[in-house]
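K.L.:
The structure follows.
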Amino acid sequence: EADIYQTPRYLVIGTGKKITLECSQTMGHDKMYWYQQDPGMELHLIHYSYGVNSTEKGDLSSESTVSRIRTEHFPLTLESARPSHTSQYLCASSESGQPNQPQHFGDGTRLSIL
Amino acid sequence: KNQVEQSPQSLIILEGKNCTLQCNYTVSPFSNLRWYKQDTGRGPVSLTIMTFSENTKSNGRYTATLDADTKQSSLHITASQLSDSASYICVVSDRGSTLGRLYFGRGTQLTVWP
């Protein structure tokens with residue numbers, strides 16, 4: 001079992017609220033990722049990080065932002081939530097320096113914006 | 001365009017039966033192909049990885065094959081169990097970037113009935 005944790009698991013909140021989805025890993029992995037997943041659809045990369053103070057946007061445009069102040073922590077923030085942000089958000093991490101390393105996923109946060 | 005296509009979209013089988021899931025990809029240049037299992041409400045977990053030179057790899061009752069010439073992979077599940085009910089996602093990595101860009105299929109939803 002991978003040691004990567006996401007909180008909250010479920011969040012139902014009103015439009016316009018600021019929300020932060022937490023992701024922490026205890027494996028010391030340098031690389032971390034955020035994906036968005038809708039039912040029956042493929043995962044889309046929205047943010048990634050190579051290490052502390054490194055953040056990049058992924059393939060899918062997202063109004064969210066991320067930060068990487070500590071190796072183990074990679075939170076995602078939505079300043080003003082909208083119904084279009086309703087989705088499942090998955091965090092992942094992987095080792096760097098070794099080829100073909102798998103990404104280890106958290107169990108996700110299911111976000112519903114009313 | 002780099003794509004990963006999986007079939008069937010969904011599959012129902014009886015406990016104890018075998019099944020085969022298919023993955024076709026157009027990703028180039030190819031680095032590796034990984035099969036993930038995603039239980040409902042959980043994050044994906046890596047089952048097996050196939051690199052260019054590998055044709056077959058087993059992980060317990062799961063056997064993955066790769067034909068790099070035709071760009072096809074399959075995941076064969078033997079003697080299915082109720083716990084095999086999940087979404088099985090094919091993920092292909094390219095060699096074209098430092099990140100090792102991942103291309104996700106939409107998954108095959110497998111249901112095993114008693």
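Ligands are numbered from 1 in the order shown, chains are lettered A, B, ... in the order of the structure tokens, and residues start at 1 in each chain.
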Please return, as an MDAnalysis selection string, all residues of range 5-49 of chain A that DSSP assigns to strand (DSSP E or B) on the basis of the backbone.

P.N.:
chainID A and resid 5:7 10:13 19:25 31:37 44:49

K.L.:
Go ahead and dump the residues you just picked, N, CA and C atoms, as an mmCIF file, in the first residue's frame.

P.N.:
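Output contents, as saved in out-v4.cif:
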data_model
loop_
_atom_site.group_PDB
_atom_site.id
_atom_site.type_symbol
_atom_site.label_atom_id
_atom_site.label_comp_id
_atom_site.auth_asym_id
_atom_site.auth_seq_id
_atom_site.Cartn_x
_atom_site.Cartn_y
_atom_site.Cartn_z
ATOM 1 N N TYR A 5 -1.984 10.340 1.123
ATOM 2 C CA TYR A 5 -3.263 10.591 1.770
ATOM 3 C C TYR A 5 -3.889 11.862 1.244
ATOM 4 N N GLN A 6 -5.189 11.794 1.015
ATOM 5 C CA GLN A 6 -5.924 12.963 0.567
ATOM 6 C C GLN A 6 -7.073 13.252 1.527
ATOM 7 N N THR A 7 -7.244 14.525 1.830
ATOM 8 C CA THR A 7 -8.383 14.954 2.643
ATOM 9 C C THR A 7 -8.958 16.234 2.076
ATOM 10 N N TYR A 10 -14.652 13.530 0.740
ATOM 11 C CA TYR A 10 -15.831 14.089 0.081
ATOM 12 C C TYR A 10 -16.029 15.532 0.558
ATOM 13 N N LEU A 11 -16.444 16.390 -0.361
ATOM 14 C CA LEU A 11 -16.717 17.780 0.000
ATOM 15 C C LEU A 11 -17.862 18.297 -0.842
ATOM 16 N N VAL A 12 -18.912 18.768 -0.177
ATOM 17 C CA VAL A 12 -20.038 19.416 -0.840
ATOM 18 C C VAL A 12 -20.074 20.840 -0.319
ATOM 19 N N ILE A 13 -19.987 21.803 -1.229
ATOM 20 C CA ILE A 13 -19.840 23.192 -0.797
ATOM 21 C C ILE A 13 -20.518 24.108 -1.807
ATOM 22 N N ILE A 19 -11.680 26.755 -1.459
ATOM 23 C CA ILE A 19 -11.451 25.414 -0.921
ATOM 24 C C ILE A 19 -10.011 24.991 -1.165
ATOM 25 N N THR A 20 -9.510 24.174 -0.268
ATOM 26 C CA THR A 20 -8.180 23.596 -0.413
ATOM 27 C C THR A 20 -8.278 22.084 -0.226
ATOM 28 N N LEU A 21 -7.774 21.367 -1.220
ATOM 29 C CA LEU A 21 -7.706 19.911 -1.131
ATOM 30 C C LEU A 21 -6.286 19.535 -0.714
ATOM 31 N N GLU A 22 -6.205 18.716 0.326
ATOM 32 C CA GLU A 22 -4.907 18.361 0.878
ATOM 33 C C GLU A 22 -4.389 17.053 0.308
ATOM 34 N N CYS A 23 -3.065 16.989 0.132
ATOM 35 C CA CYS A 23 -2.417 15.758 -0.316
ATOM 36 C C CYS A 23 -1.063 15.669 0.370
ATOM 37 N N SER A 24 -0.830 14.550 1.028
ATOM 38 C CA SER A 24 0.447 14.335 1.706
ATOM 39 C C SER A 24 0.958 12.932 1.425
ATOM 40 N N GLN A 25 2.282 12.820 1.264
ATOM 41 C CA GLN A 25 2.882 11.502 1.070
ATOM 42 C C GLN A 25 4.106 11.370 1.987
ATOM 43 N N LYS A 31 8.491 13.830 -7.096
ATOM 44 C CA LYS A 31 7.455 14.185 -8.065
ATOM 45 C C LYS A 31 6.058 13.977 -7.491
ATOM 46 N N MET A 32 5.217 14.980 -7.673
ATOM 47 C CA MET A 32 3.822 14.869 -7.264
ATOM 48 C C MET A 32 2.922 15.428 -8.346
ATOM 49 N N TYR A 33 1.667 14.939 -8.370
ATOM 50 C CA TYR A 33 0.760 15.245 -9.464
ATOM 51 C C TYR A 33 -0.667 15.430 -8.932
ATOM 52 N N TRP A 34 -1.446 16.242 -9.651
ATOM 53 C CA TRP A 34 -2.888 16.308 -9.428
ATOM 54 C C TRP A 34 -3.583 15.962 -10.743
ATOM 55 N N TYR A 35 -4.586 15.063 -10.618
ATOM 56 C CA TYR A 35 -5.391 14.674 -11.765
ATOM 57 C C TYR A 35 -6.862 14.975 -11.474
ATOM 58 N N GLN A 36 -7.605 15.191 -12.553
ATOM 59 C CA GLN A 36 -9.047 15.325 -12.468
ATOM 60 C C GLN A 36 -9.652 14.136 -13.199
ATOM 61 N N GLN A 37 -10.655 13.508 -12.591
ATOM 62 C CA GLN A 37 -11.271 12.325 -13.183
ATOM 63 C C GLN A 37 -12.776 12.424 -13.084
ATOM 64 N N HIS A 44 -7.074 13.279 -16.245
ATOM 65 C CA HIS A 44 -6.425 14.418 -16.895
ATOM 66 C C HIS A 44 -5.479 15.087 -15.908
ATOM 67 N N LEU A 45 -4.239 15.290 -16.321
ATOM 68 C CA LEU A 45 -3.247 15.939 -15.481
ATOM 69 C C LEU A 45 -3.512 17.440 -15.435
ATOM 70 N N ILE A 46 -3.654 18.003 -14.228
ATOM 71 C CA ILE A 46 -3.902 19.433 -14.113
ATOM 72 C C ILE A 46 -2.726 20.191 -13.501
ATOM 73 N N HIS A 47 -1.937 19.539 -12.646
ATOM 74 C CA HIS A 47 -0.743 20.159 -12.072
ATOM 75 C C HIS A 47 0.281 19.083 -11.754
ATOM 76 N N TYR A 48 1.574 19.489 -11.762
ATOM 77 C CA TYR A 48 2.596 18.580 -11.302
ATOM 78 C C TYR A 48 3.765 19.365 -10.715
ATOM 79 N N SER A 49 4.612 18.641 -9.998
ATOM 80 C CA SER A 49 5.748 19.273 -9.329
ATOM 81 C C SER A 49 6.928 18.316 -9.357
#

K.L.:
Which residues are near Gln6 in chain B? Cut-off 8 Å, only C-alpha atoms, ignore same chain within fewer than 2 positions. Put them as a list in words.

P.N.:
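Non-adjacent residues within range: Val4, Pro8, Gln9, Leu21, Gln22, Cys23, Asn24, Cys90, Gly105, Arg106, Gly107 and Thr108 of chain B.
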
K.L.:
Would you write out those residues with N, CA, C and O atoms, as a PDB file, in the first residue's frame?

P.N.:
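The result, written out as out_20.pdb:
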ATOM      1  N   VAL B   4      -4.875   6.418 -26.242  1.00  0.00           N
ATOM      2  CA  VAL B   4      -4.974   5.079 -25.674  1.00  0.00           C
ATOM      3  C   VAL B   4      -6.452   4.693 -25.689  1.00  0.00           C
ATOM      4  O   VAL B   4      -7.277   5.403 -25.116  1.00  0.00           O
ATOM      5  N   PRO B   8     -13.335  -4.069 -23.827  1.00  0.00           N
ATOM      6  CA  PRO B   8     -14.598  -3.344 -23.964  1.00  0.00           C
ATOM      7  C   PRO B   8     -14.702  -2.227 -22.931  1.00  0.00           C
ATOM      8  O   PRO B   8     -13.889  -2.139 -22.019  1.00  0.00           O
ATOM      9  N   GLN B   9     -15.703  -1.411 -23.059  1.00  0.00           N
ATOM     10  CA  GLN B   9     -15.922  -0.336 -22.087  1.00  0.00           C
ATOM     11  C   GLN B   9     -16.352  -0.929 -20.748  1.00  0.00           C
ATOM     12  O   GLN B   9     -15.979  -0.430 -19.691  1.00  0.00           O
ATOM     13  N   LEU B  21      -8.883  -8.149 -21.319  1.00  0.00           N
ATOM     14  CA  LEU B  21      -9.147  -6.742 -21.597  1.00  0.00           C
ATOM     15  C   LEU B  21      -8.106  -6.253 -22.607  1.00  0.00           C
ATOM     16  O   LEU B  21      -6.947  -6.669 -22.562  1.00  0.00           O
ATOM     17  N   GLN B  22      -8.534  -5.360 -23.492  1.00  0.00           N
ATOM     18  CA  GLN B  22      -7.673  -4.923 -24.578  1.00  0.00           C
ATOM     19  C   GLN B  22      -7.299  -3.451 -24.458  1.00  0.00           C
ATOM     20  O   GLN B  22      -8.076  -2.634 -23.940  1.00  0.00           O
ATOM     21  N   CYS B  23      -6.102  -3.140 -24.951  1.00  0.00           N
ATOM     22  CA  CYS B  23      -5.616  -1.764 -24.972  1.00  0.00           C
ATOM     23  C   CYS B  23      -4.845  -1.535 -26.263  1.00  0.00           C
ATOM     24  O   CYS B  23      -3.894  -2.274 -26.549  1.00  0.00           O
ATOM     25  N   ASN B  24      -5.269  -0.559 -27.049  1.00  0.00           N
ATOM     26  CA  ASN B  24      -4.563  -0.157 -28.264  1.00  0.00           C
ATOM     27  C   ASN B  24      -4.057   1.265 -28.064  1.00  0.00           C
ATOM     28  O   ASN B  24      -4.786   2.111 -27.525  1.00  0.00           O
ATOM     29  N   CYS B  90      -5.448   1.313 -18.674  1.00  0.00           N
ATOM     30  CA  CYS B  90      -4.201   1.153 -19.426  1.00  0.00           C
ATOM     31  C   CYS B  90      -3.540   2.527 -19.523  1.00  0.00           C
ATOM     32  O   CYS B  90      -4.188   3.517 -19.902  1.00  0.00           O
ATOM     33  N   GLY B 105      -6.023   5.540 -20.719  1.00  0.00           N
ATOM     34  CA  GLY B 105      -7.252   5.087 -21.328  1.00  0.00           C
ATOM     35  C   GLY B 105      -8.422   5.386 -20.402  1.00  0.00           C
ATOM     36  O   GLY B 105      -8.227   5.797 -19.245  1.00  0.00           O
ATOM     37  N   ARG B 106      -9.636   5.172 -20.907  1.00  0.00           N
ATOM     38  CA  ARG B 106     -10.824   5.450 -20.097  1.00  0.00           C
ATOM     39  C   ARG B 106     -11.182   4.292 -19.182  1.00  0.00           C
ATOM     40  O   ARG B 106     -12.070   4.409 -18.356  1.00  0.00           O
ATOM     41  N   GLY B 107     -10.485   3.177 -19.357  1.00  0.00           N
ATOM     42  CA  GLY B 107     -10.707   2.052 -18.472  1.00  0.00           C
ATOM     43  C   GLY B 107     -11.767   1.080 -18.971  1.00  0.00           C
ATOM     44  O   GLY B 107     -12.639   1.434 -19.770  1.00  0.00           O
ATOM     45  N   THR B 108     -11.659  -0.151 -18.504  1.00  0.00           N
ATOM     46  CA  THR B 108     -12.704  -1.159 -18.688  1.00  0.00           C
ATOM     47  C   THR B 108     -13.294  -1.457 -17.324  1.00  0.00           C
ATOM     48  O   THR B 108     -12.557  -1.820 -16.396  1.00  0.00           O
TER      49      THR B 108
END

K.L.:
Write out as a Markdown table the residues of chain B that have any atom within 12 Å of an atom of chain A, one row each with the nearest atom pair and its distance in Å to one decimal, counting only C-alpha atoms, sorted by chain and then rising number.

P.N.:
| residue | atom | partner | partner_atom | distance |
| --- | --- | --- | --- | --- |
| B:Gln3 | CA | A:Glu42 | CA | 10.9 |
| B:Val4 | CA | A:Glu42 | CA | 9.5 |
| B:Glu5 | CA | A:Glu42 | CA | 10.1 |
| B:Gln6 | CA | A:Glu42 | CA | 10.6 |
| B:Gln9 | CA | A:Gly40 | CA | 8.7 |
| B:Ser10 | CA | A:Gly40 | CA | 10.0 |
| B:Phe30 | CA | A:Asn100 | CA | 11.9 |
| B:Ser31 | CA | A:Asn100 | CA | 8.3 |
| B:Asn32 | CA | A:Asn100 | CA | 7.2 |
| B:Leu33 | CA | A:Asn100 | CA | 9.4 |
| B:Arg34 | CA | A:Pro102 | CA | 8.3 |
| B:Trp35 | CA | A:Pro102 | CA | 10.2 |
| B:Tyr36 | CA | A:Pro102 | CA | 9.7 |
| B:Lys37 | CA | A:Phe105 | CA | 11.1 |
| B:Gln38 | CA | A:Asp107 | CA | 9.5 |
| B:Asp39 | CA | A:Asp107 | CA | 9.5 |
| B:Thr40 | CA | A:Asp107 | CA | 9.6 |
| B:Gly41 | CA | A:Asp107 | CA | 6.7 |
| B:Arg42 | CA | A:Asp107 | CA | 4.3 |
| B:Gly43 | CA | A:Asp107 | CA | 4.2 |
| B:Pro44 | CA | A:Phe105 | CA | 6.0 |
| B:Val45 | CA | A:His104 | CA | 6.9 |
| B:Ser46 | CA | A:Pro102 | CA | 6.8 |
| B:Leu47 | CA | A:Pro102 | CA | 9.7 |
| B:Thr48 | CA | A:Pro102 | CA | 9.3 |
| B:Ile49 | CA | A:Asn100 | CA | 8.0 |
| B:Met50 | CA | A:Asn100 | CA | 9.4 |
| B:Thr51 | CA | A:Asn100 | CA | 8.5 |
| B:Phe52 | CA | A:Asn100 | CA | 11.5 |
| B:Ser87 | CA | A:Gly40 | CA | 9.4 |
| B:Tyr88 | CA | A:Glu42 | CA | 11.2 |
| B:Ile89 | CA | A:Glu42 | CA | 8.5 |
| B:Cys90 | CA | A:Glu42 | CA | 9.8 |
| B:Val91 | CA | A:Glu42 | CA | 9.7 |
| B:Val92 | CA | A:Asn100 | CA | 11.0 |
| B:Ser93 | CA | A:Asn100 | CA | 8.8 |
| B:Asp94 | CA | A:Asn100 | CA | 10.7 |
| B:Arg95 | CA | A:Asn100 | CA | 10.6 |
| B:Thr98 | CA | A:Tyr50 | CA | 10.1 |
| B:Leu99 | CA | A:Tyr50 | CA | 8.5 |
| B:Gly100 | CA | A:Asn100 | CA | 8.9 |
| B:Arg101 | CA | A:Leu45 | CA | 9.6 |
| B:Leu102 | CA | A:Leu45 | CA | 8.8 |
| B:Tyr103 | CA | A:Leu43 | CA | 8.6 |
| B:Phe104 | CA | A:Glu42 | CA | 5.7 |
| B:Gly105 | CA | A:Glu42 | CA | 5.6 |
| B:Arg106 | CA | A:Glu42 | CA | 4.2 |
| B:Gly107 | CA | A:Glu42 | CA | 7.2 |
| B:Thr108 | CA | A:Gly40 | CA | 8.9 |
| B:Gln109 | CA | A:Gly40 | CA | 8.7 |

K.L.:
Env of Ser84 in chain A: 10 Å cut, atoms = only C-alpha atoms, seq-sep filter 5 positions within chain, self excluded. Answer as a list in words.

P.N.:
Thr15, Ser112, Ile113 and Leu114 of chain A

K.L.:
At a cut-off of 9 Å, using only C-alpha atoms, what residues contact His85 in chain A? Leave out same-chain residues fewer than 4 positions from it and give the result as a list in words.

P.N.:
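The filter keeps Ser62, Glu63, Leu78, Ala81, Leu111, Ser112 and Ile113 of chain A.
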
K.L.:
Fewer than 4 positions away in the same chain doesn't count, so skip those; otherwise give me all residues within 9 Å of Asp30 in chain A, counting only C-alpha atoms, as a ChimeraX atom specification.

P.N.:
/A:49-52,71-72,93-96

K.L.:
In terms of the shortest atom-to-atom distance over only C-alpha atoms, which of B:Thr63, B:Ser85, B:Ser7, B:Thr78 is closest to Trp113 in chain B?

P.N.:
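Between B:Thr63, B:Ser85, B:Ser7, B:Thr78, the residue approaching Trp113 in chain B most closely is B:Ser85.
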
K.L.:
Which is closer to Ile69 in chain A than all the others in A:Asn53, A:Pro8, A:Gly97, A:His29, using only C-alpha atoms?

P.N.:
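Among the listed residues, the smallest separation from Ile69 in chain A belongs to A:Asn53.
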
K.L.:
Can you list, as a list in words, every protein, DNA or RNA residue that comes within 8 Å of Asp84 in chain B when you count only C-alpha atoms, leaving out same-chain residues fewer than 5 positions away?

P.N.:
Leu110, Thr111 and Val112 of chain B

K.L.:
Store the residues picked out above in a file with C-alpha atoms, as a PDB file, in the first residue's frame.

P.N.:
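For reference, result-v7.pdb as written:
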ATOM      1  CA  LEU B 110     -15.240  -5.212 -14.892  1.00  0.00           C
ATOM      2  CA  THR B 111     -18.028  -6.675 -12.786  1.00  0.00           C
ATOM      3  CA  VAL B 112     -17.711 -10.191 -11.408  1.00  0.00           C
TER       4      VAL B 112
END

K.L.:
So the first atom is CA of Leu66 in chain B and the second is CA of Ser53 in chain B; what is the distance between them in Å, to one decimal place?

P.N.:
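That distance, rounded to one decimal, is 8.9 Å.
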